[in-house]
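The file model08.pdb contains PDB, C-alpha atoms:
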```
ATOM      1  CA  MET A   8       9.497  14.686 -20.178  1.00  0.00           C
ATOM      2  CA  GLU A   9       9.716  11.190 -21.663  1.00  0.00           C
ATOM      3  CA  GLU A  10      10.695   9.684 -18.305  1.00  0.00           C
ATOM      4  CA  ILE A  11       7.763  11.383 -16.573  1.00  0.00           C
ATOM      5  CA  LEU A  12       5.371  10.299 -19.342  1.00  0.00           C
ATOM      6  CA  LYS A  13       6.546   6.699 -18.983  1.00  0.00           C
ATOM      7  CA  SER A  14       6.184   6.753 -15.187  1.00  0.00           C
ATOM      8  CA  THR A  15       2.744   8.392 -15.487  1.00  0.00           C
ATOM      9  CA  LYS A  16       1.507   5.652 -17.799  1.00  0.00           C
ATOM     10  CA  MET A  17       2.962   3.045 -15.453  1.00  0.00           C
ATOM     11  CA  GLN A  18       1.301   4.665 -12.419  1.00  0.00           C
ATOM     12  CA  LEU A  19      -2.074   4.724 -14.213  1.00  0.00           C
ATOM     13  CA  GLU A  20      -1.611   1.076 -15.168  1.00  0.00           C
ATOM     14  CA  ILE A  21      -0.839   0.172 -11.536  1.00  0.00           C
ATOM     15  CA  LEU A  22      -4.130   1.832 -10.620  1.00  0.00           C
ATOM     16  CA  GLY A  23      -5.894  -0.283 -13.248  1.00  0.00           C
ATOM     17  CA  TYR A  24      -6.209   2.217 -16.098  1.00  0.00           C
ATOM     18  CA  LYS A  25      -4.641   1.396 -19.468  1.00  0.00           C
ATOM     19  CA  THR A  26      -3.896   4.563 -21.438  1.00  0.00           C
ATOM     20  CA  GLN A  27      -4.906   4.819 -25.074  1.00  0.00           C
ATOM     21  CA  LYS A  28      -2.693   6.174 -27.864  1.00  0.00           C
ATOM     22  CA  ASP A  29      -4.981   9.167 -28.392  1.00  0.00           C
ATOM     23  CA  GLU A  30      -4.464  10.209 -24.747  1.00  0.00           C
ATOM     24  CA  GLN A  31      -0.714  10.771 -25.035  1.00  0.00           C
ATOM     25  CA  GLU A  32      -1.075  14.388 -26.126  1.00  0.00           C
ATOM     26  CA  ARG A  33      -3.359  15.096 -23.150  1.00  0.00           C
ATOM     27  CA  LEU A  34      -0.851  13.492 -20.766  1.00  0.00           C
ATOM     28  CA  GLU A  35       2.004  15.516 -22.275  1.00  0.00           C
ATOM     29  CA  TYR A  36      -0.020  18.700 -21.772  1.00  0.00           C
ATOM     30  CA  LEU A  37      -0.735  17.845 -18.125  1.00  0.00           C
ATOM     31  CA  ILE A  38       2.934  16.981 -17.532  1.00  0.00           C
ATOM     32  CA  ASP A  39       4.044  20.290 -19.048  1.00  0.00           C
ATOM     33  CA  LYS A  40       1.484  22.135 -16.923  1.00  0.00           C
ATOM     34  CA  GLN A  41       2.645  20.485 -13.688  1.00  0.00           C
ATOM     35  CA  MET A  42       6.315  20.955 -14.569  1.00  0.00           C
ATOM     36  CA  SER A  43       5.730  24.665 -15.122  1.00  0.00           C
ATOM     37  CA  LYS A  44       3.931  25.005 -11.782  1.00  0.00           C
ATOM     38  CA  ILE A  45       6.681  23.224  -9.872  1.00  0.00           C
ATOM     39  CA  LEU A  46       9.514  25.084 -11.613  1.00  0.00           C
ATOM     40  CA  TYR A  47       7.809  28.355 -10.738  1.00  0.00           C
ATOM     41  CA  THR A  48       7.058  27.309  -7.154  1.00  0.00           C
ATOM     42  CA  CYS A  49      10.629  26.139  -6.537  1.00  0.00           C
ATOM     43  CA  GLY A  50      12.282  28.937  -8.511  1.00  0.00           C
ATOM     44  CA  THR A  51      14.456  26.444 -10.389  1.00  0.00           C
ATOM     45  CA  GLU A  52      15.140  25.778 -14.029  1.00  0.00           C
ATOM     46  CA  GLU A  53      15.161  21.991 -13.958  1.00  0.00           C
ATOM     47  CA  ILE A  54      13.177  19.188 -12.394  1.00  0.00           C
ATOM     48  CA  ILE A  55      15.165  16.884 -10.131  1.00  0.00           C
ATOM     49  CA  LYS A  56      14.298  13.201  -9.679  1.00  0.00           C
ATOM     50  CA  PRO A  57      12.263  13.446  -6.425  1.00  0.00           C
ATOM     51  CA  LEU A  58      10.017  16.064  -8.035  1.00  0.00           C
ATOM     52  CA  MET A  59       9.434  13.812 -11.061  1.00  0.00           C
ATOM     53  CA  TYR A  60       7.421  11.461  -8.864  1.00  0.00           C
ATOM     54  CA  VAL A  61       5.387  14.364  -7.511  1.00  0.00           C
ATOM     55  CA  ILE A  62       4.619  15.422 -11.083  1.00  0.00           C
ATOM     56  CA  THR A  63       3.654  11.848 -11.974  1.00  0.00           C
ATOM     57  CA  ASP A  64       1.195  11.656  -9.088  1.00  0.00           C
ATOM     58  CA  LYS A  65      -0.293  15.095  -9.786  1.00  0.00           C
ATOM     59  CA  VAL A  66      -0.718  14.318 -13.501  1.00  0.00           C
ATOM     60  CA  CYS A  67      -2.416  10.999 -12.710  1.00  0.00           C
ATOM     61  CA  ALA A  68      -4.794  12.746 -10.302  1.00  0.00           C
ATOM     62  CA  GLU A  69      -5.700  15.486 -12.758  1.00  0.00           C
ATOM     63  CA  PHE A  70      -6.061  13.022 -15.634  1.00  0.00           C
ATOM     64  CA  LEU A  71      -8.429  10.787 -13.643  1.00  0.00           C
ATOM     65  CA  LYS A  72     -10.420  13.757 -12.332  1.00  0.00           C
ATOM     66  CA  ASN A  73     -10.879  15.040 -15.892  1.00  0.00           C
ATOM     67  CA  LYS A  74     -12.073  11.618 -17.038  1.00  0.00           C
ATOM     68  CA  LEU A  75     -14.565  11.396 -14.176  1.00  0.00           C
ATOM     69  CA  ALA A  76     -15.768  14.961 -14.752  1.00  0.00           C
ATOM     70  CA  GLN A  77     -16.513  14.053 -18.374  1.00  0.00           C
ATOM     71  CA  GLY A  78     -18.567  11.103 -17.144  1.00  0.00           C
ATOM     72  CA  GLN A  79     -16.204   8.549 -18.627  1.00  0.00           C
ATOM     73  CA  ASN A  80     -15.822   5.126 -17.068  1.00  0.00           C
ATOM     74  CA  ILE A  81     -12.159   4.825 -16.199  1.00  0.00           C
ATOM     75  CA  GLY A  82     -12.380   1.112 -15.484  1.00  0.00           C
ATOM     76  CA  ILE A  83     -10.625   1.203 -12.125  1.00  0.00           C
ATOM     77  CA  ASN A  84     -12.286  -1.394  -9.946  1.00  0.00           C
ATOM     78  CA  ILE A  85     -11.551  -1.154  -6.243  1.00  0.00           C
ATOM     79  CA  THR A  86     -13.154  -4.103  -4.525  1.00  0.00           C
ATOM     80  CA  ASP A  87     -14.929  -3.763  -1.205  1.00  0.00           C
ATOM     81  CA  ASN A  88     -12.528  -6.101   0.571  1.00  0.00           C
ATOM     82  CA  VAL A  89      -9.512  -3.817   0.004  1.00  0.00           C
ATOM     83  CA  LYS A  90      -8.752  -1.881   3.206  1.00  0.00           C
ATOM     84  CA  ASP A  91      -5.681   0.052   2.060  1.00  0.00           C
ATOM     85  CA  ILE A  92      -3.550   0.706  -1.008  1.00  0.00           C
ATOM     86  CA  LYS A  93       0.119   1.675  -1.210  1.00  0.00           C
ATOM     87  CA  ILE A  94       1.583   2.969  -4.461  1.00  0.00           C
ATOM     88  CA  GLY A  95       5.130   4.279  -4.195  1.00  0.00           C
ATOM     89  CA  ASP A  96       5.152   6.654  -1.248  1.00  0.00           C
ATOM     90  CA  ILE A  97       1.378   7.233  -1.446  1.00  0.00           C
ATOM     91  CA  SER A  98      -0.666   5.248   1.057  1.00  0.00           C
ATOM     92  CA  VAL A  99      -4.459   5.286   1.375  1.00  0.00           C
ATOM     93  CA  THR A 100      -6.434   3.554   4.114  1.00  0.00           C
ATOM     94  CA  PHE A 101     -10.158   3.348   3.460  1.00  0.00           C
ATOM     95  CA  PRO A 102     -12.651   3.894   6.263  1.00  0.00           C
ATOM     96  CA  ASP A 103     -15.300   1.205   6.712  1.00  0.00           C
ATOM     97  CA  ASN A 104     -18.500   1.477   4.643  1.00  0.00           C
ATOM     98  CA  THR A 105     -17.074   3.605   1.818  1.00  0.00           C
ATOM     99  CA  THR A 106     -18.379   3.252  -1.715  1.00  0.00           C
ATOM    100  CA  LYS A 107     -16.156   2.493  -4.691  1.00  0.00           C
ATOM    101  CA  GLU A 108     -16.533   6.090  -5.872  1.00  0.00           C
ATOM    102  CA  GLU A 109     -15.470   7.407  -2.465  1.00  0.00           C
ATOM    103  CA  ARG A 110     -12.471   5.094  -2.509  1.00  0.00           C
ATOM    104  CA  LEU A 111     -11.433   6.295  -5.948  1.00  0.00           C
ATOM    105  CA  ASN A 112     -11.827   9.923  -4.839  1.00  0.00           C
ATOM    106  CA  LEU A 113      -9.634   9.228  -1.791  1.00  0.00           C
ATOM    107  CA  ILE A 114      -6.924   7.822  -4.046  1.00  0.00           C
ATOM    108  CA  ILE A 115      -7.148  10.833  -6.368  1.00  0.00           C
ATOM    109  CA  THR A 116      -6.963  13.214  -3.401  1.00  0.00           C
ATOM    110  CA  LYS A 117      -3.799  11.513  -2.162  1.00  0.00           C
ATOM    111  CA  LEU A 118      -2.276  11.632  -5.653  1.00  0.00           C
ATOM    112  CA  GLU A 119      -2.894  15.389  -5.788  1.00  0.00           C
ATOM    113  CA  ARG A 120      -0.305  15.815  -3.019  1.00  0.00           C
ATOM    114  CA  ASN A 121      -1.704  19.144  -1.910  1.00  0.00           C
ATOM    115  CA  ASP A 122       0.271  18.875   1.327  1.00  0.00           C
ATOM    116  CA  PHE A 123       3.648  18.343  -0.393  1.00  0.00           C
ATOM    117  CA  ASP A 124       6.418  20.568   0.970  1.00  0.00           C
ATOM    118  CA  TYR A 125       8.429  22.136  -1.858  1.00  0.00           C
ATOM    119  CA  SER A 126      10.698  24.142   0.442  1.00  0.00           C
ATOM    120  CA  PRO A 127      13.607  21.641   0.415  1.00  0.00           C
ATOM    121  CA  TYR A 128      13.693  21.944  -3.384  1.00  0.00           C
ATOM    122  CA  SER A 129      13.211  25.709  -3.591  1.00  0.00           C
ATOM    123  CA  LYS A 130      15.803  28.351  -4.338  1.00  0.00           C
ATOM    124  CA  MET A 131      15.671  31.831  -2.897  1.00  0.00           C
ATOM    125  CA  ARG A 132      14.509  34.535  -5.217  1.00  0.00           C
ATOM    126  CA  TRP A 133      16.164  37.947  -5.040  1.00  0.00           C
TER     127      TRP A 133
END
```

As a first step, turn the structure in this file into structure tokens.
Amino acid sequence: MEEILKSTKMQLEILGYKTQKDEQERLEYLIDKQMSKILYTCGTEEIIKPLMYVITDKVCAEFLKNKLAQGQNIGINITDNVKDIKIGDISVTFPDNTTKEERLNLIITKLERNDFDYSPYSKMRW
């Protein structure tokens, strides 16, 4: 979990959000939650490296969504002149005339990875 926590903090920092010490417990909870979901979905007992990055992205998305839902300013400033962003294997291209909020929501949606295919990592259940 420590490796995922470190990569999650790094991913949030790349996005422009600096985590606070009092948020570590929340991040650990979200990591544990996502790990449990993926272990169940794949029918495995351990998380392999490629899935760690999926967990990192999903945790970042849920963390940012929770902050926004609470009305907190997350301090991520996406300027109007940015047309696309690439973070790891996540790429977002912004349509013309989108607001900063819409841009942030597009990034969060991509980080959620709802279209991720777990089948290559899954084991058959008998």

Please produce, as a Markdown table, a per-residue contact table for stretch 60-130 of chain A versus stretch 10-16 of chain A (criterion: any atom at most 12 Å away, all atoms listed in the file considered), showing the nearest atom pair and its distance in Å to one decimal, sorted by chain then residue number.
```
| residue | atom | partner | partner_atom | distance |
| --- | --- | --- | --- | --- |
| A:Tyr60 | CA | A:Ile11 | CA | 7.7 |
| A:Val61 | CA | A:Ile11 | CA | 9.8 |
| A:Ile62 | CA | A:Ile11 | CA | 7.5 |
| A:Thr63 | CA | A:Thr15 | CA | 5.0 |
| A:Asp64 | CA | A:Thr15 | CA | 7.3 |
| A:Lys65 | CA | A:Thr15 | CA | 9.3 |
| A:Val66 | CA | A:Thr15 | CA | 7.1 |
| A:Cys67 | CA | A:Thr15 | CA | 6.4 |
| A:Ala68 | CA | A:Thr15 | CA | 10.1 |
| A:Glu69 | CA | A:Thr15 | CA | 11.4 |
| A:Phe70 | CA | A:Thr15 | CA | 9.9 |
| A:Leu71 | CA | A:Thr15 | CA | 11.6 |
| A:Gly95 | CA | A:Ser14 | CA | 11.3 |
| A:Leu118 | CA | A:Thr15 | CA | 11.5 |
```

Quick one: distance from atom CA of A:Lys56 to atom CA of A:Ile38 in Å, one decimal?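 About the pair atom CA of A:Lys56 and atom CA of A:Ile38: they are 14.3 Å apart.
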
Would you please work out which residue, of A:Met8, A:Leu19, A:Met42, A:Leu58, is nearest to A:Ser126 when using only C-alpha atoms?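 Ranking A:Met8, A:Leu19, A:Met42, A:Leu58 by distance to A:Ser126, first place goes to A:Leu58.
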
For the point (-9.5, 12.6, -15.9) in the file's frame, write as a PyMOL selection string all residues with an atom no more than 12 Å away, counting all atoms listed in the file. chain A and resi 19+24+26+30+33-34+37+65-82+111-112+115

Measuring between all atoms listed in the file, which one of A:Glu20, A:Asp124, A:Glu108, A:Glu9 shows the shortest distance to A:Thr48? A:Asp124

Pull out every residue that the PyMOL selection byres ((chain A and resi 51) around 12) matches in the shown coordinates and put them as a list in words.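 The output of the PyMOL selection byres ((chain A and resi 51) around 12) on this file is Met42, Ser43, Lys44, Ile45, Leu46, Tyr47, Thr48, Cys49, Gly50, Glu52, Glu53, Ile54, Ile55, Leu58, Tyr125, Ser126, Pro127, Tyr128, Ser129, Lys130, Met131 and Arg132 of chain A.
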
What is the atom CA of A:Asp91-atom CA of A:Phe123 distance in Å, reported with one decimal?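 If I compute the distance from atom CA of A:Asp91 to atom CA of A:Phe123, I get 20.7 Å.
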
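Minimum atom-to-atom distances from A:Ile114, A:Ile83, A:Glu119, A:Lys28 to A:Phe101 were compared using all atoms listed in the file, and the lowest value belongs to A:Ile114.
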
Point-to-point distance from atom CA of A:Asn104 to atom CA of A:Lys25, Å rounded to tenths: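 Spanning atom CA of A:Asn104 to atom CA of A:Lys25 is a straight-line distance of 27.8 Å.
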